[in-house]
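For reference, my_file-v5.tsv (TSV, C-alpha atoms and all ligand atoms):
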chain	number	residue	atom	x	y	z
X	1	MET	CA	0.00	0.00	0.00
X	2	SER	CA	1.48	3.38	-0.90
X	3	GLU	CA	1.50	6.24	1.60
X	4	THR	CA	-1.07	8.13	-0.44
X	5	ASP	CA	-3.12	5.57	-2.33
X	6	ILE	CA	-4.89	2.38	-1.34
X	7	ARG	CA	-6.10	1.45	-4.82
X	8	GLY	CA	-5.10	-2.12	-5.67
X	9	THR	CA	-4.45	-3.07	-2.02
X	10	VAL	CA	-5.88	-6.47	-1.07
X	11	ALA	CA	-8.31	-6.45	1.87
X	12	VAL	CA	-9.86	-9.35	3.75
X	13	VAL	CA	-13.29	-8.57	5.24
X	14	THR	CA	-14.63	-11.33	7.49
X	15	GLY	CA	-18.40	-11.68	7.62
X	16	GLY	CA	-18.53	-9.51	4.50
X	17	SER	CA	-21.47	-11.23	2.82
X	18	ARG	CA	-24.08	-9.05	4.52
X	19	GLY	CA	-24.71	-6.26	6.99
X	20	ILE	CA	-21.89	-4.04	8.18
X	21	GLY	CA	-19.19	-6.25	6.63
X	22	HIS	CA	-20.89	-6.05	3.24
X	23	ALA	CA	-21.11	-2.25	3.45
X	24	ILE	CA	-17.39	-2.13	4.31
X	25	ALA	CA	-16.58	-4.43	1.37
X	26	ALA	CA	-18.64	-2.21	-0.97
X	27	ALA	CA	-16.98	1.01	0.26
X	28	PHE	CA	-13.55	-0.58	-0.15
X	29	ALA	CA	-14.38	-1.81	-3.67
X	30	ASP	CA	-15.62	1.69	-4.59
X	31	ALA	CA	-12.24	3.03	-3.46
X	32	GLY	CA	-10.40	0.58	-5.74
X	33	ILE	CA	-9.44	-1.92	-3.04
X	34	VAL	CA	-9.46	-5.62	-4.05
X	35	VAL	CA	-11.72	-7.40	-1.56
X	36	ALA	CA	-11.68	-11.00	-0.32
X	37	ILE	CA	-14.98	-11.67	1.42
X	38	VAL	CA	-14.74	-14.39	4.05
X	39	GLY	CA	-17.84	-16.14	5.39
X	40	ARG	CA	-19.01	-19.46	6.74
X	41	ASN	CA	-21.20	-19.82	3.65
X	42	GLY	CA	-18.82	-19.84	0.66
X	43	GLU	CA	-21.56	-19.42	-1.94
X	44	ALA	CA	-22.97	-16.34	-0.21
X	45	ALA	CA	-19.44	-14.91	0.03
X	46	GLU	CA	-18.82	-15.54	-3.68
X	47	ARG	CA	-22.17	-13.98	-4.63
X	48	ALA	CA	-21.46	-10.91	-2.53
X	49	ALA	CA	-17.97	-10.56	-4.03
X	50	ALA	CA	-19.31	-10.89	-7.59
X	51	GLU	CA	-21.67	-7.96	-7.00
X	52	LEU	CA	-18.89	-5.56	-5.95
X	53	PRO	CA	-17.75	-2.92	-8.44
X	54	GLY	CA	-14.31	-3.46	-9.99
X	55	ALA	CA	-12.25	-6.58	-10.67
X	56	GLY	CA	-10.41	-9.19	-8.62
X	57	HIS	CA	-12.85	-9.59	-5.73
X	58	ALA	CA	-13.52	-13.13	-4.50
X	59	GLY	CA	-15.41	-15.01	-1.80
X	60	TYR	CA	-13.96	-17.65	0.53
X	61	ALA	CA	-15.67	-20.21	2.79
X	62	CYS	CA	-14.08	-20.09	6.23
X	63	ASP	CA	-15.16	-20.33	9.86
X	64	VAL	CA	-13.06	-17.65	11.55
X	65	ALA	CA	-13.16	-19.64	14.81
X	66	ASP	CA	-11.11	-22.45	13.23
X	67	PRO	CA	-7.37	-21.57	13.08
X	68	ALA	CA	-6.59	-24.19	10.40
X	69	GLN	CA	-9.31	-22.83	8.09
X	70	VAL	CA	-8.08	-19.29	8.72
X	71	ASP	CA	-4.46	-20.13	7.88
X	72	ALA	CA	-5.57	-21.93	4.70
X	73	THR	CA	-7.78	-18.98	3.68
X	74	VAL	CA	-4.98	-16.46	4.14
X	75	LYS	CA	-2.72	-18.63	1.96
X	76	ALA	CA	-5.44	-18.98	-0.68
X	77	VAL	CA	-6.15	-15.23	-0.80
X	78	GLU	CA	-2.45	-14.36	-1.08
X	79	ALA	CA	-1.89	-17.02	-3.78
X	80	SER	CA	-4.70	-15.65	-5.92
X	81	ALA	CA	-4.85	-11.91	-5.18
X	82	GLY	CA	-1.43	-11.06	-3.68
X	83	PRO	CA	-0.25	-9.89	-0.26
X	84	ILE	CA	-2.97	-8.88	2.19
X	85	GLY	CA	-2.58	-5.22	3.13
X	86	ILE	CA	-5.83	-4.73	5.06
X	87	LEU	CA	-7.65	-7.04	7.45
X	88	VAL	CA	-11.11	-6.22	8.81
X	89	ASN	CA	-12.21	-8.55	11.61
X	90	ASN	CA	-15.95	-7.99	11.33
X	91	ALA	CA	-17.51	-11.48	11.66
X	92	GLY	CA	-19.58	-11.71	14.81
X	93	ILE	CA	-22.51	-13.47	16.42
X	94	THR	CA	-24.82	-13.02	19.40
X	95	ARG	CA	-26.21	-15.74	21.69
X	96	ASP	CA	-28.05	-13.56	24.21
X	97	ASN	CA	-29.28	-14.89	27.53
X	98	ILE	CA	-29.51	-13.77	31.12
X	99	LEU	CA	-26.47	-14.75	33.13
X	100	LEU	CA	-28.10	-17.49	35.21
X	101	ARG	CA	-29.48	-19.21	32.10
X	102	MET	CA	-26.43	-18.75	29.89
X	103	LYS	CA	-25.12	-22.11	28.76
X	104	ASP	CA	-21.42	-22.91	28.41
X	105	GLU	CA	-21.90	-23.32	24.65
X	106	GLU	CA	-23.50	-19.88	24.36
X	107	PHE	CA	-20.54	-18.27	26.09
X	108	ASP	CA	-17.89	-20.32	24.28
X	109	GLU	CA	-19.36	-19.94	20.77
X	110	VAL	CA	-19.49	-16.16	21.05
X	111	ILE	CA	-15.93	-15.88	22.36
X	112	ALA	CA	-14.73	-18.30	19.66
X	113	ALA	CA	-16.28	-16.39	16.76
X	114	ASN	CA	-15.95	-12.80	17.93
X	115	LEU	CA	-12.64	-12.77	19.83
X	116	LYS	CA	-10.67	-15.90	18.92
X	117	GLY	CA	-11.71	-15.43	15.28
X	118	ALA	CA	-10.12	-11.98	15.21
X	119	PHE	CA	-7.00	-13.35	16.90
X	120	ASN	CA	-6.79	-16.21	14.38
X	121	PHE	CA	-6.91	-13.88	11.37
X	122	THR	CA	-4.63	-11.27	12.93
X	123	ARG	CA	-1.95	-13.85	13.70
X	124	ALA	CA	-2.26	-15.34	10.21
X	125	VAL	CA	-1.68	-12.03	8.37
X	126	THR	CA	0.89	-10.56	10.75
X	127	ARG	CA	4.05	-12.27	9.44
X	128	GLY	CA	3.51	-10.98	5.90
X	129	MET	CA	2.56	-7.48	7.05
X	130	MET	CA	5.63	-7.26	9.33
X	131	LYS	CA	7.94	-8.43	6.55
X	132	ARG	CA	6.55	-5.81	4.18
X	133	ARG	CA	6.45	-3.24	7.01
X	134	ASP	CA	2.98	-2.38	5.77
X	135	GLY	CA	-0.51	-3.29	6.89
X	136	VAL	CA	-3.67	-2.19	8.62
X	137	ILE	CA	-5.91	-4.21	10.90
X	138	LEU	CA	-9.38	-3.04	11.87
X	139	ASN	CA	-11.51	-4.80	14.46
X	140	ILE	CA	-15.27	-4.28	14.67
X	141	THR	CA	-16.10	-4.22	18.36
X	142	SER	CA	-19.29	-2.66	19.81
X	143	VAL	CA	-20.41	0.03	22.23
X	144	VAL	CA	-21.59	-2.94	24.31
X	145	GLY	CA	-17.92	-3.86	24.81
X	146	LEU	CA	-17.34	-0.40	26.28
X	147	MET	CA	-20.42	-0.05	28.50
X	148	GLY	CA	-21.77	-3.60	29.00
X	149	ASN	CA	-25.33	-4.77	28.35
X	150	ALA	CA	-27.72	-6.86	30.44
X	151	GLY	CA	-28.33	-10.20	28.74
X	152	GLN	CA	-25.14	-10.03	26.70
X	153	ALA	CA	-22.38	-11.04	29.16
X	154	ASN	CA	-20.81	-13.29	26.51
X	155	TYR	CA	-21.05	-10.77	23.66
X	156	ALA	CA	-19.89	-7.81	25.78
X	157	ALA	CA	-16.93	-9.82	27.08
X	158	SER	CA	-15.94	-10.79	23.53
X	159	LYS	CA	-16.19	-7.17	22.36
X	160	ALA	CA	-14.28	-5.79	25.37
X	161	GLY	CA	-11.66	-8.47	24.64
X	162	LEU	CA	-11.36	-7.07	21.12
X	163	VAL	CA	-10.47	-3.67	22.56
X	164	GLY	CA	-7.59	-5.25	24.52
X	165	LEU	CA	-6.53	-7.20	21.44
X	166	THR	CA	-6.59	-4.03	19.32
X	167	LYS	CA	-4.40	-2.05	21.72
X	168	SER	CA	-1.94	-4.90	22.28
X	169	VAL	CA	-1.54	-5.57	18.55
X	170	ALA	CA	-1.17	-1.83	17.93
X	171	LYS	CA	1.64	-1.60	20.47
X	172	GLU	CA	3.36	-4.78	19.34
X	173	LEU	CA	3.32	-4.01	15.62
X	174	ALA	CA	3.65	-0.21	15.52
X	175	GLY	CA	7.42	-0.47	15.15
X	176	ARG	CA	6.91	-2.85	12.22
X	177	GLY	CA	4.81	-0.42	10.19
X	178	VAL	CA	1.45	-2.06	11.00
X	179	ARG	CA	-1.50	-0.11	12.45
X	180	CYS	CA	-4.43	-1.62	14.36
X	181	ASN	CA	-7.63	0.20	15.32
X	182	ALA	CA	-11.21	-0.67	16.22
X	183	ILE	CA	-14.63	0.71	15.45
X	184	ALA	CA	-17.35	0.44	18.11
X	185	PRO	CA	-20.68	0.70	16.30
X	186	GLY	CA	-23.77	1.59	18.30
X	187	PHE	CA	-27.09	0.24	17.07
X	188	ILE	CA	-26.96	-0.26	13.32
X	189	GLU	CA	-29.84	-1.46	11.11
X	190	THR	CA	-28.81	-4.99	10.05
X	191	ASP	CA	-30.04	-8.60	10.41
X	192	MET	CA	-28.48	-8.54	13.90
X	193	THR	CA	-30.82	-5.78	15.09
X	194	ALA	CA	-33.83	-6.77	12.91
X	195	ALA	CA	-35.07	-9.03	15.74
X	196	LEU	CA	-35.82	-5.99	17.95
X	197	ASP	CA	-39.52	-5.05	18.18
X	198	GLU	CA	-40.84	-1.51	17.59
X	199	GLY	CA	-41.00	-0.79	21.35
X	200	GLN	CA	-37.36	-1.77	21.82
X	201	VAL	CA	-36.32	0.32	18.81
X	202	GLU	CA	-38.23	3.33	20.16
X	203	SER	CA	-36.57	3.13	23.58
X	204	LEU	CA	-33.21	2.67	21.87
X	205	ARG	CA	-33.79	5.81	19.80
X	206	GLU	CA	-34.40	7.75	23.00
X	207	SER	CA	-30.97	6.65	24.30
X	208	ILE	CA	-29.15	7.85	21.17
X	209	PRO	CA	-28.29	11.59	21.20
X	210	LEU	CA	-28.54	11.80	17.39
X	211	GLY	CA	-32.01	10.21	17.69
X	212	ALA	CA	-31.75	7.39	15.14
X	213	LEU	CA	-30.21	3.99	14.54
X	214	GLY	CA	-27.15	4.02	12.30
X	215	ARG	CA	-26.74	2.49	8.86
X	216	PRO	CA	-24.06	-0.01	7.77
X	217	GLU	CA	-22.72	2.74	5.45
X	218	ASP	CA	-22.00	4.94	8.49
X	219	VAL	CA	-19.62	2.26	9.80
X	220	ALA	CA	-18.17	1.67	6.33
X	221	ALA	CA	-17.23	5.36	5.93
X	222	ALA	CA	-15.29	5.27	9.20
X	223	ALA	CA	-13.66	1.97	8.20
X	224	LEU	CA	-12.48	3.39	4.87
X	225	PHE	CA	-10.94	6.37	6.67
X	226	LEU	CA	-9.17	4.23	9.30
X	227	VAL	CA	-7.56	1.88	6.76
X	228	GLY	CA	-6.57	4.71	4.43
X	229	PRO	CA	-3.60	7.06	4.19
X	230	GLY	CA	-5.51	9.82	6.04
X	231	ALA	CA	-5.20	7.71	9.21
X	232	ARG	CA	-1.47	6.97	8.84
X	233	TYR	CA	-0.78	8.52	12.28
X	234	ILE	CA	-3.66	6.75	14.09
X	235	THR	CA	-3.19	3.42	15.87
X	236	GLY	CA	-4.58	1.69	18.96
X	237	GLN	CA	-7.80	3.72	18.87
X	238	VAL	CA	-11.43	2.76	19.30
X	239	LEU	CA	-13.72	4.99	17.24
X	240	ALA	CA	-17.37	4.91	18.33
X	241	VAL	CA	-19.82	5.22	15.43
X	242	ASP	CA	-22.91	5.34	17.58
X	243	GLY	CA	-24.86	8.59	17.23
X	244	GLY	CA	-23.26	9.78	20.46
X	245	MET	CA	-24.23	6.90	22.79
X	246	VAL	CA	-20.76	6.62	24.35
X	247	MET	CA	-18.99	9.89	25.11
X	301	LIG	P1	-24.77	-9.83	10.66
X	301	LIG	O1	-25.26	-10.95	11.50
X	301	LIG	O2	-25.69	-9.20	9.67
X	301	LIG	O3	-23.44	-10.30	9.86
X	301	LIG	C1	-22.41	-10.99	10.50
X	301	LIG	C2	-21.64	-11.77	9.46
X	301	LIG	O4	-20.59	-12.50	10.11
X	301	LIG	C3	-22.51	-12.80	8.75
X	301	LIG	O5	-22.21	-12.77	7.36
X	301	LIG	C4	-22.08	-14.10	9.38
X	301	LIG	O6	-22.26	-15.23	8.53
X	301	LIG	C5	-20.60	-13.83	9.65
X	301	LIG	N1	-20.05	-14.74	10.64
X	301	LIG	C6	-20.51	-14.96	11.91
X	301	LIG	N2	-19.76	-15.88	12.51
X	301	LIG	C7	-18.80	-16.28	11.64
X	301	LIG	C8	-17.75	-17.22	11.67
X	301	LIG	N3	-17.53	-17.98	12.74
X	301	LIG	N4	-16.94	-17.35	10.58
X	301	LIG	C9	-17.17	-16.60	9.47
X	301	LIG	N5	-18.17	-15.69	9.37
X	301	LIG	C10	-18.98	-15.54	10.43
X	301	LIG	O7	-24.19	-8.77	11.68
X	301	LIG	P2	-23.84	-7.21	11.53
X	301	LIG	O8	-24.89	-6.47	12.25
X	301	LIG	O9	-23.52	-6.85	10.15
X	301	LIG	O10	-22.53	-7.17	12.46
X	301	LIG	C11	-21.21	-7.13	11.94
X	301	LIG	C12	-20.26	-6.89	13.10
X	301	LIG	O11	-20.59	-5.65	13.72
X	301	LIG	C13	-20.35	-7.96	14.19
X	301	LIG	O12	-19.06	-8.20	14.70
X	301	LIG	C14	-21.22	-7.30	15.23
X	301	LIG	O13	-20.96	-7.82	16.51
X	301	LIG	C15	-20.79	-5.86	15.10
X	301	LIG	N6	-21.76	-4.90	15.60
X	301	LIG	C16	-23.04	-4.82	15.09
X	301	LIG	C17	-23.91	-3.89	15.59
X	301	LIG	C18	-25.29	-3.73	15.05
X	301	LIG	O14	-26.05	-2.94	15.63
X	301	LIG	N7	-25.69	-4.40	13.98
X	301	LIG	C19	-23.54	-3.01	16.69
X	301	LIG	C20	-22.20	-3.17	17.15
X	301	LIG	C21	-21.35	-4.09	16.62
Write out the structure in this file as structure tokens.
Ligand code: NAI
Amino acid sequence: MSETDIRGTVAVVTGGSRGIGHAIAAAFADAGIVVAIVGRNGEAAERAAAELPGAGHAGYACDVADPAQVDATVKAVEASAGPIGILVNNAGITRDNILLRMKDEEFDEVIAANLKGAFNFTRAVTRGMMKRRDGVILNITSVVGLMGNAGQANYAASKAGLVGLTKSVAKELAGRGVRCNAIAPGFIETDMTAALDEGQVESLRESIPLGALGRPEDVAAAALFLVGPGARYITGQVLAVDGGMVM
């Protein structure tokens, strides 16, 4: 990636088939970035990649929680598209439950996908980025990781863990020319929030200073800035894109 231009850089976006990840993939493709969309469902990832503007985009089937699949995917992307310059750890799940009812599997699955998944991909791309002294990692955490949320002990812990991961990776790799930041979205209109009923959405709106839920494109605009040359002096930061929920 040149200091002034990210066109032609290869980016991996996990969970990029839909929602926030898809909006990030689309914004990257619009900016001339070559995007590898990673998802558990390979066909959905390929379909999403085929719809992006520009050439060279591809979809890959991979469960981010499985280190062997992640290593193989990184190798496959680099063999076909070239060195990975940008990694966006966006894949995430929820398994909400009140603490006393939360099952081991509900806790473990969320940590495995949201936190271990980001670690798996970060470790897999780091050697190449360090060698080239060039790379950007962006983790999609959540305001819930900053302020907690009743019924989401597993999810909030995974997202708070991502903040620690972001800052540690930023410190460890800064001297090697690699930046690492996080975005903490507030409530964004996607499949993840579609399950909320009108009453819940209304009370949410009241808790958001800007008075509305966000759109995936709002997160994508921040993502494009943070991976681009305009953010060359920014690392280890968590940018809330939340209509002012966390100040
Ligand atoms: P979504 O559910 O629409 O999309 C998540 C994507 O991640 C899906 O394509 C899913 O297949 C993929 N994914 C999940 N587990 C995976 C795994 N183990 N391996 C590979 N792919 C996997 O969710 P949305 O709303 O687009 O969320 C994207 C990210 O933003 C998540 O990390 C979420 O926690 C975070 N976020 C979302 C907020 C919202 O209000 N929608 C708020 C704050 C954070």
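Reported to one decimal place, the separation of CA of Glu109 in chain X from atom N6 of ligand LIG 301 (chain X) is 16.1 Å.
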Which residues sit within 7 Å of ligand LIG 301 (chain X), counting all atoms listed in the file, listed as a ChimeraX atom specification? /X:14-21,38-41,62-65,90-93,113-114,117,140-143,184-193
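The spacing separating CA of Asn139 in chain X from CA of Asp197 in chain X amounts to 28.3 Å.
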Could you name the residues that touch Asn181 in chain X at 6 Å or less, counting all atoms listed in the file, but leaving out those on the same chain fewer than 2 positions away, as a PyMOL selection string? chain X and resi 138+166+235-237
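Relative to CA of Tyr60 in chain X, CA of Ala36 in chain X is found at 7.1 Å.
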Across X:Ala160, X:Val178, X:Ala150, X:Ala25, the smallest distance to Leu99 in chain X, with all atoms listed in the file counted, is shown by X:Ala150
Distance query range 227-234 of chain X at most 10 Å, all atoms listed in the file, self and fewer than 4 positions along chain excluded, as an MDAnalysis selection string: chainID X and resid 1:7 11 28 31 85:88 135:138 170 177:181 222:223
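With only C-alpha atoms as the atoms that count, the minimum distance from Gly214 in chain X to the choices X:Val201, X:Ala195, X:Met130, X:Glu46 is reached by X:Val201.
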Shortest contact to Ile98 in chain X, candidates X:Pro83, X:Gly151, X:Arg133, X:Glu78, atoms counted all atoms listed in the file, goes to X:Gly151
Give me the box for range 32-50 of chain X as AutoDock Vina command-line options, namely the centre and edge lengths in Å to one decimal of a box along x, y and z that holds every listed atom plus 4 Å on each side.
--center_x -16.2 --center_y -9.6 --center_z -0.4 --size_x 21.5 --size_y 28.4 --size_z 22.3
